[in-house]
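**Student:** This is run02.cif (mmCIF, C-alpha atoms).
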data_entry
#
loop_
_atom_site.group_PDB
_atom_site.id
_atom_site.type_symbol
_atom_site.label_atom_id
_atom_site.label_comp_id
_atom_site.auth_asym_id
_atom_site.auth_seq_id
_atom_site.Cartn_x
_atom_site.Cartn_y
_atom_site.Cartn_z
ATOM 1 C CA MET A 216 15.920 19.040 -0.586
ATOM 2 C CA ILE A 217 18.650 17.971 1.837
ATOM 3 C CA VAL A 218 19.801 15.168 -0.459
ATOM 4 C CA MET A 219 19.906 17.502 -3.443
ATOM 5 C CA ALA A 220 21.871 20.083 -1.438
ATOM 6 C CA ILE A 221 24.434 17.446 -0.389
ATOM 7 C CA LEU A 222 24.826 16.104 -3.927
ATOM 8 C CA PHE A 223 25.050 19.568 -5.487
ATOM 9 C CA GLY A 224 27.556 20.740 -2.881
ATOM 10 C CA ALA A 225 29.740 17.650 -3.349
ATOM 11 C CA LEU A 226 29.612 18.019 -7.141
ATOM 12 C CA MET A 227 30.587 21.682 -6.975
ATOM 13 C CA LEU A 228 33.482 20.934 -4.614
ATOM 14 C CA ALA A 229 34.736 18.042 -6.744
ATOM 15 C CA SER A 230 34.594 20.089 -9.965
ATOM 16 C CA THR A 231 36.412 22.996 -8.295
ATOM 17 C CA VAL A 232 39.256 20.992 -6.707
ATOM 18 C CA ARG A 233 39.710 18.539 -9.630
ATOM 19 C CA ASN A 234 41.599 15.995 -7.533
ATOM 20 C CA ASP A 235 40.862 12.307 -8.189
ATOM 21 C CA ASN A 236 41.769 11.138 -4.689
ATOM 22 C CA LEU A 237 39.679 13.844 -3.038
ATOM 23 C CA THR A 238 36.793 13.081 -5.393
ATOM 24 C CA ARG A 239 36.824 9.397 -4.389
ATOM 25 C CA VAL A 240 36.900 10.252 -0.684
ATOM 26 C CA LEU A 241 34.163 12.821 -1.201
ATOM 27 C CA GLY A 242 32.050 10.263 -3.065
ATOM 28 C CA VAL A 243 32.361 7.740 -0.235
ATOM 29 C CA MET A 244 31.502 10.415 2.333
ATOM 30 C CA VAL A 245 28.419 11.513 0.371
ATOM 31 C CA ILE A 246 27.149 7.941 0.045
ATOM 32 C CA ALA A 247 27.755 7.295 3.751
ATOM 33 C CA THR A 248 25.976 10.532 4.654
ATOM 34 C CA LEU A 249 22.949 9.696 2.537
ATOM 35 C CA PHE A 250 22.679 6.192 4.023
ATOM 36 C CA LEU A 251 23.277 7.228 7.634
ATOM 37 C CA TYR A 252 21.433 10.562 7.685
ATOM 38 C CA GLU A 253 18.068 9.232 8.863
ATOM 39 C CA PRO A 254 19.258 6.334 11.098
ATOM 40 C CA VAL A 255 21.720 8.526 13.014
ATOM 41 C CA LEU A 256 19.356 11.454 13.563
ATOM 42 C CA VAL A 257 16.324 9.298 14.376
ATOM 43 C CA SER A 258 18.214 7.077 16.838
ATOM 44 C CA PHE A 259 20.013 9.926 18.635
ATOM 45 C CA THR A 260 17.511 12.814 18.443
ATOM 46 C CA GLY A 261 14.242 11.070 17.605
ATOM 47 C CA SER A 262 13.737 12.830 14.288
ATOM 48 C CA THR A 263 15.179 13.900 10.979
ATOM 49 C CA LEU A 264 15.170 17.602 10.113
ATOM 50 C CA GLY A 265 11.880 17.048 8.302
ATOM 51 C CA HIS A 266 10.365 15.425 11.384
ATOM 52 C CA TYR A 267 11.695 18.186 13.625
ATOM 53 C CA PHE A 268 10.360 21.103 11.585
ATOM 54 C CA THR A 269 6.921 19.446 11.374
ATOM 55 C CA ASN A 270 6.902 18.819 15.147
ATOM 56 C CA LEU A 271 7.166 15.027 14.877
ATOM 57 C CA ARG A 272 9.391 12.323 16.329
ATOM 58 C CA VAL A 273 9.835 8.581 15.923
ATOM 59 C CA VAL A 274 9.091 6.668 19.125
ATOM 60 C CA ASP A 275 9.945 3.105 20.104
ATOM 61 C CA GLU A 276 6.702 1.427 21.205
ATOM 62 C CA ARG A 277 8.491 -0.726 23.776
ATOM 63 C CA THR A 278 10.492 1.955 25.579
ATOM 64 C CA GLY A 279 8.679 5.174 24.756
ATOM 65 C CA GLY A 280 12.030 6.723 23.792
ATOM 66 C CA ASN A 281 14.095 6.929 20.630
ATOM 67 C CA VAL A 282 14.449 3.826 18.501
ATOM 68 C CA SER A 283 17.829 2.094 18.443
ATOM 69 C CA PHE A 284 20.308 2.672 15.622
ATOM 70 C CA LEU A 285 19.707 -0.825 14.186
ATOM 71 C CA LYS A 286 15.947 -0.338 14.311
ATOM 72 C CA ALA A 287 16.318 3.054 12.620
ATOM 73 C CA CYS A 288 18.385 1.379 9.893
ATOM 74 C CA ALA A 289 15.690 -1.287 9.481
ATOM 75 C CA ARG A 290 13.007 1.418 9.101
ATOM 76 C CA VAL A 291 14.988 3.096 6.341
ATOM 77 C CA ALA A 292 15.699 -0.200 4.563
ATOM 78 C CA ILE A 293 12.056 -1.319 4.623
ATOM 79 C CA LYS A 294 10.842 2.109 3.523
ATOM 80 C CA GLY A 295 13.437 2.157 0.749
ATOM 81 C CA VAL A 296 12.350 -1.238 -0.592
ATOM 82 C CA LEU A 297 8.600 -0.614 -0.404
ATOM 83 C CA GLY A 298 8.593 3.092 -1.206
ATOM 84 C CA LEU A 299 5.126 4.642 -1.103
ATOM 85 C CA TYR A 300 3.588 1.187 -0.802
ATOM 86 C CA SER A 301 4.773 1.131 2.803
ATOM 87 C CA PHE A 302 2.092 3.735 3.554
ATOM 88 C CA VAL A 303 -0.946 2.063 1.938
ATOM 89 C CA ILE A 304 -2.026 0.414 5.208
ATOM 90 C CA LEU A 305 -2.110 3.627 7.271
ATOM 91 C CA ALA A 306 -5.898 3.836 7.228
ATOM 92 C CA ALA A 307 -6.284 0.196 8.278
ATOM 93 C CA THR A 308 -3.952 0.107 11.268
ATOM 94 C CA ARG A 309 -5.016 0.875 14.811
ATOM 95 C CA ARG A 310 -2.207 3.383 15.412
ATOM 96 C CA ASN A 311 -2.023 4.735 11.851
ATOM 97 C CA GLN A 312 1.301 3.021 11.196
ATOM 98 C CA ALA A 313 3.044 2.329 7.912
ATOM 99 C CA VAL A 314 4.602 -1.053 7.184
ATOM 100 C CA HIS A 315 8.077 0.064 8.286
ATOM 101 C CA ASP A 316 6.623 1.289 11.596
ATOM 102 C CA ILE A 317 4.711 -1.943 12.264
ATOM 103 C CA LEU A 318 7.666 -4.200 11.494
ATOM 104 C CA THR A 319 10.015 -2.190 13.721
ATOM 105 C CA LYS A 320 7.388 -1.540 16.442
ATOM 106 C CA SER A 321 7.658 2.222 16.213
ATOM 107 C CA THR A 322 5.248 5.117 15.779
ATOM 108 C CA VAL A 323 5.519 8.700 14.563
ATOM 109 C CA GLN A 324 4.120 11.035 17.209
ATOM 110 C CA ILE A 325 3.784 14.737 18.021
ATOM 111 C CA ARG A 326 7.093 16.021 19.393
ATOM 112 C CA ASP A 327 5.763 18.963 21.414
ATOM 113 C CA PRO A 328 1.994 18.829 22.157
ATOM 114 C CA ALA A 329 2.031 22.515 23.162
ATOM 115 C CA LYS A 330 2.929 23.510 19.590
ATOM 116 C CA ALA A 331 0.415 21.221 17.869
ATOM 117 C CA TRP A 332 -2.998 22.241 16.581
ATOM 118 C CA PRO A 333 -6.014 20.000 17.306
ATOM 119 C CA GLY A 334 -6.321 19.155 13.607
ATOM 120 C CA GLN A 335 -2.786 17.719 13.567
ATOM 121 C CA TYR A 336 -3.716 14.850 15.881
ATOM 122 C CA ILE A 337 -4.928 11.528 14.521
ATOM 123 C CA GLU A 338 -6.440 9.500 17.310
ATOM 124 C CA GLU A 339 -5.706 5.848 17.858
ATOM 125 C CA ARG A 340 -8.464 3.738 16.346
ATOM 126 C CA ASN A 341 -10.343 1.043 18.184
ATOM 127 C CA ASP A 342 -9.231 -2.354 16.951
ATOM 128 C CA PRO A 343 -12.026 -3.562 14.633
ATOM 129 C CA SER A 344 -12.163 -7.016 16.170
ATOM 130 C CA ASP A 345 -15.842 -7.139 17.219
ATOM 131 C CA ALA A 346 -17.973 -10.191 16.559
ATOM 132 C CA SER A 347 -19.668 -8.622 13.522
ATOM 133 C CA LEU A 348 -16.412 -8.739 11.553
ATOM 134 C CA PRO A 349 -15.015 -11.805 9.756
ATOM 135 C CA SER A 350 -11.791 -13.251 11.171
ATOM 136 C CA ARG A 351 -8.532 -11.430 10.526
ATOM 137 C CA TRP A 352 -7.277 -14.205 8.267
ATOM 138 C CA ARG A 353 -10.430 -14.023 6.147
ATOM 139 C CA ARG A 354 -10.073 -10.267 5.772
ATOM 140 C CA VAL A 355 -6.399 -10.611 4.859
ATOM 141 C CA ALA A 356 -7.225 -13.310 2.299
ATOM 142 C CA VAL A 357 -9.951 -11.185 0.700
ATOM 143 C CA ILE A 358 -7.660 -8.153 0.610
ATOM 144 C CA CYS A 359 -4.968 -10.239 -1.123
ATOM 145 C CA VAL A 360 -7.486 -11.427 -3.731
ATOM 146 C CA TYR A 361 -8.499 -7.846 -4.435
ATOM 147 C CA LEU A 362 -4.868 -6.717 -4.654
ATOM 148 C CA VAL A 363 -4.036 -9.496 -7.126
ATOM 149 C CA SER A 364 -7.101 -8.518 -9.163
ATOM 150 C CA MET A 365 -5.955 -4.903 -9.075
ATOM 151 C CA LEU A 366 -2.536 -5.975 -10.371
ATOM 152 C CA GLY A 367 -4.301 -7.717 -13.233
ATOM 153 C CA PHE A 368 -6.217 -4.509 -13.917
ATOM 154 C CA TYR A 369 -2.946 -2.549 -13.961
ATOM 155 C CA LEU A 370 -1.321 -4.948 -16.416
ATOM 156 C CA THR A 371 -4.428 -4.875 -18.604
ATOM 157 C CA LEU A 372 -4.337 -1.074 -18.560
ATOM 158 C CA ILE A 373 -0.688 -1.034 -19.656
ATOM 159 C CA VAL A 374 -1.368 -3.525 -22.458
ATOM 160 C CA SER A 375 -4.357 -1.441 -23.583
ATOM 161 C CA LEU A 376 -2.226 1.702 -23.695
ATOM 162 C CA ASN A 377 0.333 -0.198 -25.745
ATOM 163 C CA SER A 378 -2.318 -1.496 -28.149
ATOM 164 C CA ALA A 379 -3.725 2.004 -28.569
ATOM 165 C CA GLY A 380 -0.255 3.295 -29.446
ATOM 166 C CA MET A 381 -0.121 5.511 -26.362
ATOM 167 C CA MET A 382 2.765 3.603 -24.762
ATOM 168 C CA SER A 383 5.548 1.846 -26.669
ATOM 169 C CA SER A 384 6.849 -1.651 -25.937
ATOM 170 C CA ALA A 385 10.293 -0.138 -25.333
ATOM 171 C CA CYS A 386 8.842 2.053 -22.579
ATOM 172 C CA ILE A 387 7.083 -0.907 -20.952
ATOM 173 C CA GLY A 388 10.343 -2.850 -20.884
ATOM 174 C CA ASP A 389 12.535 0.045 -19.771
ATOM 175 C CA VAL A 390 11.177 3.193 -18.118
ATOM 176 C CA GLY A 391 14.358 4.999 -19.102
ATOM 177 C CA ARG A 392 13.285 4.761 -22.760
ATOM 178 C CA CYS A 393 9.880 6.390 -22.212
ATOM 179 C CA SER A 394 8.993 9.684 -23.841
ATOM 180 C CA ALA A 395 7.707 12.573 -21.732
ATOM 181 C CA GLY A 396 4.094 11.697 -22.548
ATOM 182 C CA GLU A 397 4.655 8.032 -21.756
ATOM 183 C CA ARG A 398 6.201 8.933 -18.415
ATOM 184 C CA VAL A 399 3.082 10.913 -17.529
ATOM 185 C CA LEU A 400 0.843 7.954 -18.403
ATOM 186 C CA ASP A 401 3.063 5.500 -16.530
ATOM 187 C CA THR A 402 3.190 7.727 -13.447
ATOM 188 C CA GLY A 403 -0.559 8.285 -13.561
ATOM 189 C CA ALA A 404 -1.235 4.551 -13.760
ATOM 190 C CA ALA A 405 1.162 3.868 -10.869
ATOM 191 C CA VAL A 406 -0.482 6.535 -8.681
ATOM 192 C CA LEU A 407 -3.926 5.123 -9.498
ATOM 193 C CA VAL A 408 -2.793 1.652 -8.444
ATOM 194 C CA LEU A 409 -1.310 3.035 -5.227
ATOM 195 C CA LEU A 410 -4.552 4.811 -4.305
ATOM 196 C CA MET A 411 -6.616 1.745 -5.157
ATOM 197 C CA ALA A 412 -4.350 -0.449 -3.019
ATOM 198 C CA ALA A 413 -4.739 1.900 -0.044
ATOM 199 C CA LEU A 414 -8.534 1.927 -0.473
ATOM 200 C CA ILE A 415 -8.699 -1.867 -0.743
ATOM 201 C CA VAL A 416 -6.617 -2.417 2.394
ATOM 202 C CA ALA A 417 -8.585 0.142 4.428
ATOM 203 C CA ARG A 418 -12.044 -1.032 3.379
ATOM 204 C CA GLY A 419 -11.141 -4.717 3.539
ATOM 205 C CA TRP A 420 -9.834 -4.473 7.088
ATOM 206 C CA LYS A 421 -12.957 -2.608 8.186
ATOM 207 C CA GLY A 422 -15.205 -5.301 6.688
ATOM 208 C CA LYS A 423 -16.475 -3.238 3.773
ATOM 209 C CA LEU A 424 -15.410 -5.440 0.856
ATOM 210 C CA PHE A 425 -17.509 -8.177 -0.699
ATOM 211 C CA GLY A 426 -16.361 -11.474 0.791
ATOM 212 C CA ALA A 427 -15.291 -9.913 4.082
ATOM 213 C CA ARG A 428 -18.262 -7.772 5.027
ATOM 214 C CA ARG A 429 -19.400 -6.982 8.540
ATOM 215 C CA ALA A 430 -22.354 -9.065 9.646
ATOM 216 C CA ARG A 431 -25.654 -7.160 9.878
#
Before anything else, please render the file you have as structure tokens.

**Tutor:**
Amino acid sequence: MIVMAILFGALMLASTVRNDNLTRVLGVMVIATLFLYEPVLVSFTGSTLGHYFTNLRVVDERTGGNVSFLKACARVAIKGVLGLYSFVILAATRRNQAVHDILTKSTVQIRDPAKAWPGQYIEERNDPSDASLPSRWRRVAVICVYLVSMLGFYLTLIVSLNSAGMMSSACIGDVGRCSAGERVLDTGAAVLVLLMAALIVARGWKGKLFGARRAR
């Protein structure tokens, strides 16, 4: 919503003024704002507006305070590259961290405990490293095998949709050329893969996948 408001406001101002030089400056300022919005707010205040209004803040694991500006930039970059896939390991990590949190050694925590409801807390999990579990490397290897298999399933699904005439070759090669119906199918398949990936990572790490099961 904030991004859309910034873009809409800049577009309205540029179309009203109709000055090329001002439009260029405005464009640079908008791009800079969009790139720096989260790093600046997170590093100086501990949260974006979204974090703040949901009573959350980003905390540096090492200091217990706000993350540095460079670390905040790294979080945004990693999250931007991975997208929703950065969150698939939440259920498998001890402190419920996404990939961008783990790599930057940060966590998202309650800002004001007095304003939080009991149901808003997610407790830190015990590290599943007991003797009944396979080694970490074995679990990671099994998870990777399952993820590769899932990718094969996804590709097979896309090919099947193409063979059935439900998704054109042009759409497969370029999402921008998909019809409305094809976009729905493509989005649905992508969401299914995302959910399956999250389930595989969570169950594999807890020793609940064939090949990496907990000893009985």

**Student:** Written as a ChimeraX atom specification, what is the full residue list that the PyMOL selection byres ((chain A and resi 273) around 10) yields on the file shown?

**Tutor:** /A:257-258,260-263,266,271-272,274-276,279-282,287,316,321-326

**Student:** I need the output of the PyMOL selection byres ((chain A and resi 357) around 8) for this file as a PDB file with C-alpha atoms, in the frame of the given file; which residues are they?

**Tutor:**
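Saved result, selection.pdb, follows:
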ATOM      1  CA  ARG A 353     -10.430 -14.023   6.147  1.00  0.00           C
ATOM      2  CA  ARG A 354     -10.073 -10.267   5.772  1.00  0.00           C
ATOM      3  CA  VAL A 355      -6.399 -10.611   4.859  1.00  0.00           C
ATOM      4  CA  ALA A 356      -7.225 -13.310   2.299  1.00  0.00           C
ATOM      5  CA  ILE A 358      -7.660  -8.153   0.610  1.00  0.00           C
ATOM      6  CA  CYS A 359      -4.968 -10.239  -1.123  1.00  0.00           C
ATOM      7  CA  VAL A 360      -7.486 -11.427  -3.731  1.00  0.00           C
ATOM      8  CA  TYR A 361      -8.499  -7.846  -4.435  1.00  0.00           C
ATOM      9  CA  GLY A 419     -11.141  -4.717   3.539  1.00  0.00           C
ATOM     10  CA  LEU A 424     -15.410  -5.440   0.856  1.00  0.00           C
ATOM     11  CA  GLY A 426     -16.361 -11.474   0.791  1.00  0.00           C
ATOM     12  CA  ALA A 427     -15.291  -9.913   4.082  1.00  0.00           C
TER      13      ALA A 427
END

**Student:** What is the atom CA of A:Ala313-atom CA of A:Ser283 distance in Å, reported with one decimal?

**Tutor:** 18.2 Å

**Student:** Would you mind reading off the distance between atom CA of A:Arg290 and atom CA of A:Thr319, one decimal, in Å?

**Tutor:**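 Between atom CA of A:Arg290 and atom CA of A:Thr319 the gap works out to 6.6 Å.
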
**Student:** I'd like the interatomic distance between atom CA of A:Ile317 and atom CA of A:Arg277, to a tenth of an Å.

**Tutor:**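 Pair atom CA of A:Ile317 / atom CA of A:Arg277 returns 12.2 Å.
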
**Student:** Write out as lines of an AutoDock Vina configuration file an axis-aligned box for stretch 387-391 of chain A: all of its atoms listed in the file, 3 Å added on each side, centre and edge lengths in Å with one decimal.

**Tutor:**
center_x = 10.7
center_y = 1.1
center_z = -19.5
size_x = 13.3
size_y = 13.8
size_z = 8.8

**Student:** Kindly extract all protein, DNA and RNA residues lying within 6 Å of the coordinates (-7.1, 2.3, 6.4) given in the file, considering all atoms listed in the file, and supply them as an mmCIF file with C-alpha atoms, in the coordinates of the input.

**Tutor:**
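After the write, part.cif holds the following:
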data_model
loop_
_atom_site.group_PDB
_atom_site.id
_atom_site.type_symbol
_atom_site.label_atom_id
_atom_site.label_comp_id
_atom_site.auth_asym_id
_atom_site.auth_seq_id
_atom_site.Cartn_x
_atom_site.Cartn_y
_atom_site.Cartn_z
ATOM 1 C CA ILE A 304 -2.026 0.414 5.208
ATOM 2 C CA LEU A 305 -2.110 3.627 7.271
ATOM 3 C CA ALA A 306 -5.898 3.836 7.228
ATOM 4 C CA ALA A 307 -6.284 0.196 8.278
ATOM 5 C CA ALA A 417 -8.585 0.142 4.428
#

**Student:** Any chance you could tabulate, as a tab-separated table, the residues of stretch 287-336 of chain A at most 10 Å from stretch 241-250 of chain A with each one's nearest atom pair and distance in Å to one decimal, using all atoms listed in the file, in chain and rising number order?

**Tutor:**
residue	atom	partner	partner_atom	distance
A:Cys288	CA	A:Phe250	CA	8.7
A:Val291	CA	A:Phe250	CA	8.6
A:Ala292	CA	A:Phe250	CA	9.5

**Student:** List the residues matched by the PyMOL selection byres ((chain A and resi 429) around 6) in the displayed structure as a VMD selection string, ordered by chain and then by residue number.

**Tutor:** chain A and resid 347 to 348 422 428 430
